[in-house]
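Undergrad: Sending over upload_36.txt (compact mmCIF, C-alpha atoms).
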# COMPACT_ATOMS: atom_id res chain seq x y z
CA MET A 267 15.44 -20.37 -8.14
CA PRO A 268 15.65 -22.72 -11.16
CA GLU A 269 18.91 -24.46 -11.92
CA PRO A 270 20.90 -22.34 -14.42
CA ASP A 271 21.89 -23.70 -17.80
CA GLY A 272 25.52 -24.80 -17.54
CA ARG A 273 26.15 -24.35 -21.26
CA THR A 274 25.07 -20.71 -21.11
CA LEU A 275 27.29 -20.06 -18.08
CA GLN A 276 30.28 -21.58 -19.89
CA GLN A 277 29.73 -19.21 -22.83
CA ARG A 278 29.44 -16.11 -20.63
CA GLY A 279 32.61 -14.50 -22.00
CA ALA A 280 31.55 -14.95 -25.62
CA ILE A 281 28.03 -13.70 -24.86
CA VAL A 282 29.32 -10.56 -23.15
CA ALA A 283 31.73 -9.88 -26.01
CA ALA A 284 28.96 -10.23 -28.59
CA LEU A 285 26.66 -7.93 -26.61
CA ARG A 286 29.43 -5.31 -26.36
CA ALA A 287 29.77 -5.38 -30.13
CA ILE A 288 26.06 -4.51 -30.37
CA VAL A 289 25.92 -1.97 -27.51
CA PRO A 290 29.38 -0.34 -27.28
CA GLY A 291 30.79 1.91 -24.59
CA GLU A 292 29.35 1.37 -21.13
CA GLY A 293 26.22 -0.34 -22.42
CA VAL A 294 27.10 -3.79 -21.08
CA ILE A 295 27.78 -4.57 -17.41
CA ASP A 296 29.42 -7.83 -16.32
CA ASP A 297 31.49 -6.87 -13.28
CA PRO A 298 30.11 -8.72 -10.22
CA ALA A 299 30.12 -5.59 -8.04
CA GLU A 300 28.32 -3.53 -10.67
CA LEU A 301 25.70 -6.25 -11.12
CA ARG A 302 24.60 -6.01 -7.48
CA PRO A 303 22.02 -3.19 -8.04
CA TYR A 304 20.26 -5.42 -10.57
CA GLU A 305 20.00 -8.60 -8.47
CA SER A 306 16.42 -7.88 -7.36
CA ASP A 307 13.55 -5.45 -7.75
CA GLY A 308 11.73 -3.90 -4.78
CA LEU A 309 11.05 -7.44 -3.55
CA THR A 310 14.49 -7.86 -1.96
CA ALA A 311 13.69 -11.21 -0.30
CA TYR A 312 14.91 -12.87 -3.52
CA ARG A 313 18.28 -11.94 -5.00
CA GLN A 314 20.14 -13.29 -8.00
CA PRO A 315 22.79 -11.43 -10.05
CA PRO A 316 22.17 -11.78 -13.79
CA LEU A 317 24.59 -13.18 -16.33
CA ALA A 318 25.06 -9.62 -17.63
CA VAL A 319 23.17 -6.35 -17.94
CA VAL A 320 22.61 -4.61 -21.27
CA LEU A 321 21.53 -0.95 -21.48
CA PRO A 322 20.48 -0.30 -25.09
CA GLU A 323 19.83 3.24 -26.31
CA THR A 324 18.06 2.60 -29.62
CA VAL A 325 15.38 0.29 -30.95
CA ASP A 326 17.89 -1.14 -33.41
CA GLN A 327 20.27 -2.10 -30.60
CA LEU A 328 17.44 -3.73 -28.68
CA CYS A 329 16.32 -5.70 -31.75
CA ARG A 330 19.83 -6.97 -32.34
CA VAL A 331 20.33 -7.96 -28.70
CA LEU A 332 17.05 -9.87 -28.60
CA ARG A 333 17.75 -11.54 -31.93
CA TYR A 334 21.19 -12.64 -30.73
CA CYS A 335 19.79 -14.07 -27.48
CA HIS A 336 16.93 -15.80 -29.26
CA ASP A 337 19.22 -17.44 -31.81
CA ARG A 338 21.45 -18.81 -29.02
CA ASN A 339 18.65 -19.72 -26.59
CA VAL A 340 19.84 -17.22 -23.96
CA LYS A 341 17.15 -16.12 -21.51
CA VAL A 342 16.23 -12.43 -21.26
CA VAL A 343 14.65 -10.44 -18.43
CA PRO A 344 13.49 -6.84 -19.11
CA ARG A 345 13.74 -4.25 -16.33
CA GLY A 346 12.34 -0.78 -15.77
CA ALA A 347 13.17 1.13 -12.58
CA GLY A 348 13.00 -1.99 -10.42
CA THR A 349 10.48 -0.56 -7.94
CA SER A 350 7.97 -3.40 -8.23
CA LEU A 351 7.25 -5.74 -5.32
CA SER A 352 6.10 -8.65 -7.50
CA GLY A 353 9.48 -10.01 -8.60
CA GLY A 354 8.77 -9.06 -12.20
CA ALA A 355 12.36 -7.91 -12.83
CA LEU A 356 14.05 -10.71 -10.87
CA PRO A 357 16.92 -11.98 -13.05
CA LEU A 358 18.34 -15.45 -13.47
CA ALA A 359 21.96 -16.52 -13.27
CA ASP A 360 21.86 -17.61 -16.91
CA ALA A 361 19.80 -14.65 -18.20
CA VAL A 362 20.70 -11.32 -19.76
CA LEU A 363 18.93 -8.47 -18.00
CA ILE A 364 17.90 -5.64 -20.35
CA GLY A 365 17.55 -2.28 -18.62
CA MET A 366 15.43 0.31 -20.41
CA ALA A 367 16.58 3.36 -18.41
CA ARG A 368 18.19 5.04 -21.43
CA PHE A 369 14.88 5.17 -23.30
CA ASN A 370 13.96 8.29 -21.32
CA ARG A 371 12.55 10.90 -23.71
CA ILE A 372 9.10 12.42 -24.09
CA LEU A 373 8.63 12.26 -27.86
CA ASP A 374 5.40 14.19 -28.42
CA VAL A 375 2.57 15.91 -26.55
CA ASP A 376 -0.73 16.62 -28.33
CA TYR A 377 -3.00 18.74 -26.14
CA VAL A 378 -5.80 18.77 -28.72
CA ASP A 379 -6.06 14.98 -28.81
CA ARG A 380 -4.97 14.78 -25.14
CA ILE A 381 -2.15 12.29 -25.62
CA ALA A 382 1.55 12.03 -24.84
CA VAL A 383 4.01 9.75 -26.62
CA VAL A 384 6.88 8.70 -24.36
CA GLN A 385 9.70 6.20 -24.17
CA PRO A 386 9.47 3.49 -21.49
CA GLY A 387 12.23 4.93 -19.29
CA VAL A 388 10.27 8.14 -18.61
CA THR A 389 9.06 8.19 -15.01
CA ASN A 390 5.37 8.22 -14.25
CA LEU A 391 5.51 11.61 -12.54
CA ALA A 392 7.61 13.13 -15.36
CA ILE A 393 4.63 12.87 -17.71
CA THR A 394 2.54 14.99 -15.37
CA ARG A 395 5.43 17.44 -14.88
CA ALA A 396 5.74 17.84 -18.66
CA VAL A 397 2.08 18.76 -19.19
CA GLU A 398 0.99 20.42 -15.93
CA GLU A 399 1.71 23.96 -17.15
CA ARG A 400 -1.10 23.51 -19.67
CA GLY A 401 -3.42 22.17 -16.99
CA PHE A 402 -3.09 18.46 -17.75
CA TYR A 403 -1.84 15.39 -15.88
CA TYR A 404 -1.40 11.62 -16.22
CA ALA A 405 -3.96 9.85 -14.03
CA PRO A 406 -2.38 6.52 -12.89
CA ASP A 407 -0.38 7.35 -9.77
CA PRO A 408 1.32 4.36 -8.10
CA SER A 409 2.96 5.10 -4.77
CA SER A 410 6.41 4.92 -6.39
CA GLN A 411 5.47 7.32 -9.22
CA ILE A 412 8.45 9.58 -8.54
CA ALA A 413 10.77 6.72 -9.55
CA CYS A 414 8.79 4.06 -11.44
CA THR A 415 8.84 4.22 -15.24
CA ILE A 416 5.99 4.10 -17.71
CA GLY A 417 7.43 0.92 -19.25
CA GLY A 418 7.24 -0.79 -15.88
CA ASN A 419 3.72 0.59 -15.40
CA VAL A 420 2.71 -1.07 -18.68
CA ALA A 421 4.37 -4.34 -17.68
CA GLU A 422 2.67 -4.41 -14.26
CA ASN A 423 -0.60 -2.63 -15.18
CA SER A 424 0.06 -0.20 -12.32
CA GLY A 425 -2.64 1.83 -10.65
CA GLY A 426 -2.76 4.09 -7.59
CA VAL A 427 -5.47 5.90 -5.66
CA HIS A 428 -6.83 7.57 -8.80
CA CYS A 429 -7.61 4.17 -10.34
CA LEU A 430 -10.96 4.20 -8.54
CA LYS A 431 -12.05 6.96 -10.92
CA TYR A 432 -9.71 6.79 -13.91
CA GLY A 433 -8.74 3.11 -14.10
CA LEU A 434 -5.41 1.34 -14.22
CA THR A 435 -2.62 1.71 -16.76
CA THR A 436 -4.54 -0.41 -19.27
CA ASN A 437 -7.35 2.19 -19.25
CA ASN A 438 -4.92 5.03 -19.98
CA VAL A 439 -2.65 3.52 -22.65
CA LEU A 440 -3.69 3.94 -26.27
CA ALA A 441 -0.76 2.38 -28.12
CA VAL A 442 2.62 0.72 -27.66
CA GLU A 443 5.58 -0.11 -29.82
CA LEU A 444 7.35 -3.27 -28.68
CA VAL A 445 10.08 -5.63 -29.79
CA THR A 446 9.43 -9.38 -29.67
CA MET A 447 11.99 -11.95 -28.56
CA GLU A 448 12.72 -12.63 -32.24
CA GLY A 449 13.72 -8.97 -32.71
CA GLU A 450 10.59 -7.96 -34.61
CA VAL A 451 9.10 -4.49 -34.03
CA LEU A 452 5.31 -4.37 -33.56
CA ARG A 453 2.89 -1.47 -33.07
CA LEU A 454 -0.41 -2.06 -31.29
CA GLY A 455 -3.22 0.47 -30.87
CA GLY A 456 -3.23 4.06 -32.09
CA ARG A 457 -4.01 7.65 -31.17
CA HIS A 458 -7.68 6.94 -30.53
CA LEU A 459 -9.82 5.00 -28.06
CA ASP A 460 -10.97 1.42 -28.66
CA PRO A 461 -9.59 0.46 -32.09
CA ALA A 462 -11.38 -2.28 -34.00
CA GLY A 463 -10.32 -5.91 -33.85
CA LEU A 464 -8.76 -8.04 -31.12
CA ASP A 465 -7.60 -6.21 -27.99
CA LEU A 466 -3.94 -7.21 -28.32
CA LEU A 467 -2.93 -4.05 -26.47
CA GLY A 468 -4.91 -5.28 -23.47
CA VAL A 469 -2.98 -8.55 -23.59
CA VAL A 470 0.38 -6.75 -23.54
CA VAL A 471 -0.43 -4.44 -20.62
CA GLY A 472 0.22 -6.41 -17.47
CA SER A 473 2.19 -9.18 -19.20
CA GLU A 474 5.42 -8.34 -17.28
CA GLY A 475 7.55 -8.30 -20.43
CA LEU A 476 6.79 -11.90 -21.36
CA LEU A 477 5.41 -10.97 -24.80
CA GLY A 478 7.96 -8.32 -25.75
CA ILE A 479 9.86 -5.26 -24.55
CA VAL A 480 8.03 -1.95 -24.92
CA THR A 481 9.99 0.86 -26.60
CA GLU A 482 7.28 3.53 -26.96
CA VAL A 483 3.98 4.24 -25.20
CA THR A 484 1.08 6.52 -26.15
CA VAL A 485 -0.89 7.54 -23.05
CA ARG A 486 -3.97 9.63 -22.32
CA ILE A 487 -3.50 12.89 -20.50
CA LEU A 488 -6.44 14.48 -18.71
CA PRO A 489 -7.39 18.06 -17.79
CA ARG A 490 -6.71 18.68 -14.13
CA PRO A 491 -10.02 19.12 -12.25
Any chance you could give the structure as structure tokens?

TA:
Amino acid sequence: MPEPDGRTLQQRGAIVAALRAIVPGEGVIDDPAELRPYESDGLTAYRQPPLAVVLPETVDQLCRVLRYCHDRNVKVVPRGAGTSLSGGALPLADAVLIGMARFNRILDVDYVDRIAVVQPGVTNLAITRAVEERGFYYAPDPSSQIACTIGGNVAENSGGVHCLKYGLTTNNVLAVELVTMEGEVLRLGGRHLDPAGLDLLGVVVGSEGLLGIVTEVTVRILPRP
């Protein structure tokens, strides 16, 4: 693991206090015992407790947290359900880990256009469960779909056995809303296939959170055969 920034570690108390002012209640975790569940993802060979964990509930809170960290040069690591085996959610000792578990609502389902709009903390299988009564499902099906979240699927470009026919996550995502490290909210894509211009959405899917933290995803839903 890289050597942590000593200046950031010395300011840990002030950083935690500032984050608590942005995300009140139980939205900030700094107790060493409570940080243990966040010290690795599914790749448990590498473990490192983060500086602190922040669990925002709104886009505004996330924007303010990222803006604060950016202004003070504090590293940030986004995290979904932590089921990945690639080390994508592995934190650093001098980094704030941002958990997106509280963004867990299905915002809209349009059966005519065959799309669902969900927050990143919604599990992969929950999308299928929400639309299966109408004969639809969400095609990408990673082996951890009962637990993995759609935000993590976007970050890792997840697949599954159905990818042989229906493609990976990138082939089933139509749009995302994300927040950049500077705290700016961007929307890429739309409610239709293949928008004109540069494929910025294709750059974001699979980027492991390096380009921004996704707060909303528009996915394709398909009629069950």

Undergrad: Given 8 Å on each side, where is the centre and what are the edge lengths in Å to one decimal of the axis-aligned box enclosing the listed atoms of range 354-370 of chain A, as AutoDock Vina command-line options?

TA:
--center_x 15.4 --center_y -4.7 --center_z -17.1 --size_x 29.2 --size_y 41.9 --size_z 28.4

Undergrad: Identify, on the basis of all atoms listed in the file, every residue whose closest approach to Val325 in chain A does not exceed 9 Å; exclude the query and any residue fewer than 3 positions from it along the same chain; express the result as a list in words.

TA: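 Surrounding residues, per the criterion: Pro322, Leu328, Cys329, Arg330, Val445, Val451 and Thr481 of chain A.
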
Undergrad: Output C-alpha atoms of each residue in that selection to a file, as a JSON list (two decimals), keeping the file's coordinate frame.

TA:
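Output contents, as saved in out-v1.json:
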[["chain", "number", "residue", "atom", "x", "y", "z"],
["A", 322, "PRO", "CA", 20.48, -0.30, -25.09],
["A", 328, "LEU", "CA", 17.44, -3.73, -28.68],
["A", 329, "CYS", "CA", 16.32, -5.70, -31.75],
["A", 330, "ARG", "CA", 19.83, -6.97, -32.34],
["A", 445, "VAL", "CA", 10.08, -5.63, -29.79],
["A", 451, "VAL", "CA", 9.10, -4.49, -34.03],
["A", 481, "THR", "CA", 9.99, 0.86, -26.60]]

Undergrad: Could you check the closest approach to Pro408 in chain A for each of A:Leu275, A:Leu391, A:Ala441, A:Ala284 and tell me which residue wins, using all atoms listed in the file?

TA: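 Among the listed residues, the smallest separation from Pro408 in chain A belongs to A:Leu391.
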
Undergrad: For range 292-309 of chain A, find every residue with an atom within 7 Å (counting only C-alpha atoms), except residues of its own chain fewer than 4 positions away, and show them as a tab-separated table (two decimals) with C-alpha atoms, keeping the file's coordinate frame.

TA:
chain	number	residue	atom	x	y	z
A	285	LEU	CA	26.66	-7.93	-26.61
A	286	ARG	CA	29.43	-5.31	-26.36
A	313	ARG	CA	18.28	-11.94	-5.00
A	314	GLN	CA	20.14	-13.29	-8.00
A	315	PRO	CA	22.79	-11.43	-10.05
A	316	PRO	CA	22.17	-11.78	-13.79
A	318	ALA	CA	25.06	-9.62	-17.63
A	319	VAL	CA	23.17	-6.35	-17.94
A	320	VAL	CA	22.61	-4.61	-21.27
A	321	LEU	CA	21.53	-0.95	-21.48
A	322	PRO	CA	20.48	-0.30	-25.09
A	348	GLY	CA	13.00	-1.99	-10.42
A	349	THR	CA	10.48	-0.56	-7.94
A	350	SER	CA	7.97	-3.40	-8.23
A	351	LEU	CA	7.25	-5.74	-5.32
A	352	SER	CA	6.10	-8.65	-7.50
A	353	GLY	CA	9.48	-10.01	-8.60
A	355	ALA	CA	12.36	-7.91	-12.83
A	356	LEU	CA	14.05	-10.71	-10.87
A	357	PRO	CA	16.92	-11.98	-13.05

Undergrad: Take CA of Gly291 in chain A and CA of Lys341 in chain A and report the distance between them in Å, one decimal.

TA: 22.8 Å

Undergrad: Between A:Asp360, A:Asp376, A:Glu474, A:Asp465, which one has atoms that come closest to Thr274 in chain A, using only C-alpha atoms?

TA: A:Asp360

Undergrad: Could you check which of A:Gly478, A:Gly456, A:Gly472, A:Pro491 is closest to Ile381 in chain A, using all atoms listed in the file?

TA: A:Gly456

Undergrad: Which of these, A:Leu464, A:Ala311, A:Val439, A:Ala287, has the shortest distance to Gln327 in chain A once you count all atoms listed in the file?

TA: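 Under the stated criterion, the closest residue is A:Ala287.
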
Undergrad: Enter the distance from CA of Leu459 in chain A to CA of Val471 in chain A, in Å, rounded to one decimal.

TA: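 These atoms are spaced 15.3 Å apart.
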
Undergrad: Pick out the closest residue to Ala280 in chain A from this set: A:Ala396, A:Leu317, A:Leu452, A:Leu466. Count only C-alpha atoms.

TA: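 Closest to Ala280 in chain A of all the choices is A:Leu317.
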
Undergrad: Which residue out of A:Ala405, A:Val384, A:Met366, A:Val343 has the minimum interatomic distance to Arg490 in chain A when only C-alpha atoms are used?

TA: A:Ala405

Undergrad: How would you write as a list in words the residues that get within 10 Å of (5.6, -7.5, -27.3) in the file's frame, counting all atoms listed in the file?

TA: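 Residues close enough to count: Val442, Glu443, Leu444, Val445, Thr446, Met447, Gly449, Glu450, Val451, Leu452, Arg453, Leu454, Leu466, Leu467, Val469, Val470, Val471, Ser473, Gly475, Leu476, Leu477, Gly478, Ile479, Val480 and Thr481 of chain A.
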
Undergrad: How many Å separate CA of Ser409 in chain A from CA of Tyr377 in chain A?

TA: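 Separating CA of Ser409 in chain A from CA of Tyr377 in chain A is a distance of 26.0 Å.
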
Undergrad: Please list as a VMD selection string every residue within 6 Å of Gly387 in chain A, counting only C-alpha atoms and excluding residues in the same chain fewer than 3 positions away.

TA: chain A and resid 366 to 367 369 to 370 415

Undergrad: Convert the current residue selection to file output with C-alpha atoms, as a PDB file, in the frame of the given file.

TA:
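Writing done, so here's out-v4.pdb:
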ATOM      1  CA  MET A 366      15.430   0.310 -20.410  1.00  0.00           C
ATOM      2  CA  ALA A 367      16.580   3.360 -18.410  1.00  0.00           C
ATOM      3  CA  PHE A 369      14.880   5.170 -23.300  1.00  0.00           C
ATOM      4  CA  ASN A 370      13.960   8.290 -21.320  1.00  0.00           C
ATOM      5  CA  THR A 415       8.840   4.220 -15.240  1.00  0.00           C
TER       6      THR A 415
END

Undergrad: Please identify all polymer residues within 9 Å of Thr389 in chain A, counting only C-alpha atoms, omitting same-chain residues fewer than 2 positions from it, and present them as a PDB file with C-alpha atoms, keeping the file's coordinate frame.

TA:
ATOM      1  CA  ALA A 347      13.170   1.130 -12.580  1.00  0.00           C
ATOM      2  CA  ASN A 370      13.960   8.290 -21.320  1.00  0.00           C
ATOM      3  CA  PRO A 386       9.470   3.490 -21.490  1.00  0.00           C
ATOM      4  CA  GLY A 387      12.230   4.930 -19.290  1.00  0.00           C
ATOM      5  CA  LEU A 391       5.510  11.610 -12.540  1.00  0.00           C
ATOM      6  CA  ALA A 392       7.610  13.130 -15.360  1.00  0.00           C
ATOM      7  CA  ILE A 393       4.630  12.870 -17.710  1.00  0.00           C
ATOM      8  CA  GLN A 411       5.470   7.320  -9.220  1.00  0.00           C
ATOM      9  CA  ILE A 412       8.450   9.580  -8.540  1.00  0.00           C
ATOM     10  CA  ALA A 413      10.770   6.720  -9.550  1.00  0.00           C
ATOM     11  CA  CYS A 414       8.790   4.060 -11.440  1.00  0.00           C
ATOM     12  CA  THR A 415       8.840   4.220 -15.240  1.00  0.00           C
ATOM     13  CA  ILE A 416       5.990   4.100 -17.710  1.00  0.00           C
ATOM     14  CA  GLY A 417       7.430   0.920 -19.250  1.00  0.00           C
TER      15      GLY A 417
END

Undergrad: Take the structure in the block and write a file for range 398-432 of chain A, C-alpha atoms, as a PDB file, in the first residue's frame.

TA:
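This is the output file selection31.pdb:
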ATOM      1  CA  GLU A 398     -40.995  -9.191 -12.979  1.00  0.00           C
ATOM      2  CA  GLU A 399     -44.746  -9.018 -12.315  1.00  0.00           C
ATOM      3  CA  ARG A 400     -45.112  -7.237 -15.646  1.00  0.00           C
ATOM      4  CA  GLY A 401     -42.957  -9.828 -17.383  1.00  0.00           C
ATOM      5  CA  PHE A 402     -39.697  -7.880 -17.493  1.00  0.00           C
ATOM      6  CA  TYR A 403     -36.198  -8.323 -16.061  1.00  0.00           C
ATOM      7  CA  TYR A 404     -32.747  -6.724 -15.972  1.00  0.00           C
ATOM      8  CA  ALA A 405     -30.339  -8.786 -18.080  1.00  0.00           C
ATOM      9  CA  PRO A 406     -26.839  -8.402 -16.519  1.00  0.00           C
ATOM     10  CA  ASP A 407     -26.628 -11.052 -13.804  1.00  0.00           C
ATOM     11  CA  PRO A 408     -23.276 -11.229 -11.977  1.00  0.00           C
ATOM     12  CA  SER A 409     -22.911 -14.133  -9.566  1.00  0.00           C
ATOM     13  CA  SER A 410     -23.295 -11.754  -6.605  1.00  0.00           C
ATOM     14  CA  GLN A 411     -26.469 -10.143  -8.004  1.00  0.00           C
ATOM     15  CA  ILE A 412     -28.422 -10.765  -4.798  1.00  0.00           C
ATOM     16  CA  ALA A 413     -26.060  -8.380  -2.974  1.00  0.00           C
ATOM     17  CA  CYS A 414     -24.131  -6.281  -5.512  1.00  0.00           C
ATOM     18  CA  THR A 415     -25.506  -2.833  -6.327  1.00  0.00           C
ATOM     19  CA  ILE A 416     -26.172  -1.208  -9.668  1.00  0.00           C
ATOM     20  CA  GLY A 417     -23.675   1.560  -8.844  1.00  0.00           C
ATOM     21  CA  GLY A 418     -20.968  -1.040  -8.376  1.00  0.00           C
ATOM     22  CA  ASN A 419     -22.090  -2.761 -11.586  1.00  0.00           C
ATOM     23  CA  VAL A 420     -21.566   0.526 -13.434  1.00  0.00           C
ATOM     24  CA  ALA A 421     -18.160   1.042 -11.819  1.00  0.00           C
ATOM     25  CA  GLU A 422     -16.978  -2.482 -12.696  1.00  0.00           C
ATOM     26  CA  ASN A 423     -18.929  -2.990 -15.953  1.00  0.00           C
ATOM     27  CA  SER A 424     -20.310  -6.217 -14.491  1.00  0.00           C
ATOM     28  CA  GLY A 425     -21.674  -9.045 -16.586  1.00  0.00           C
ATOM     29  CA  GLY A 426     -22.816 -12.590 -15.844  1.00  0.00           C
ATOM     30  CA  VAL A 427     -23.882 -15.588 -17.900  1.00  0.00           C
ATOM     31  CA  HIS A 428     -26.471 -13.561 -19.823  1.00  0.00           C
ATOM     32  CA  CYS A 429     -23.740 -11.255 -21.175  1.00  0.00           C
ATOM     33  CA  LEU A 430     -23.165 -13.725 -24.010  1.00  0.00           C
ATOM     34  CA  LYS A 431     -26.535 -12.667 -25.426  1.00  0.00           C
ATOM     35  CA  TYR A 432     -27.356  -9.310 -23.855  1.00  0.00           C
TER      36      TYR A 432
END
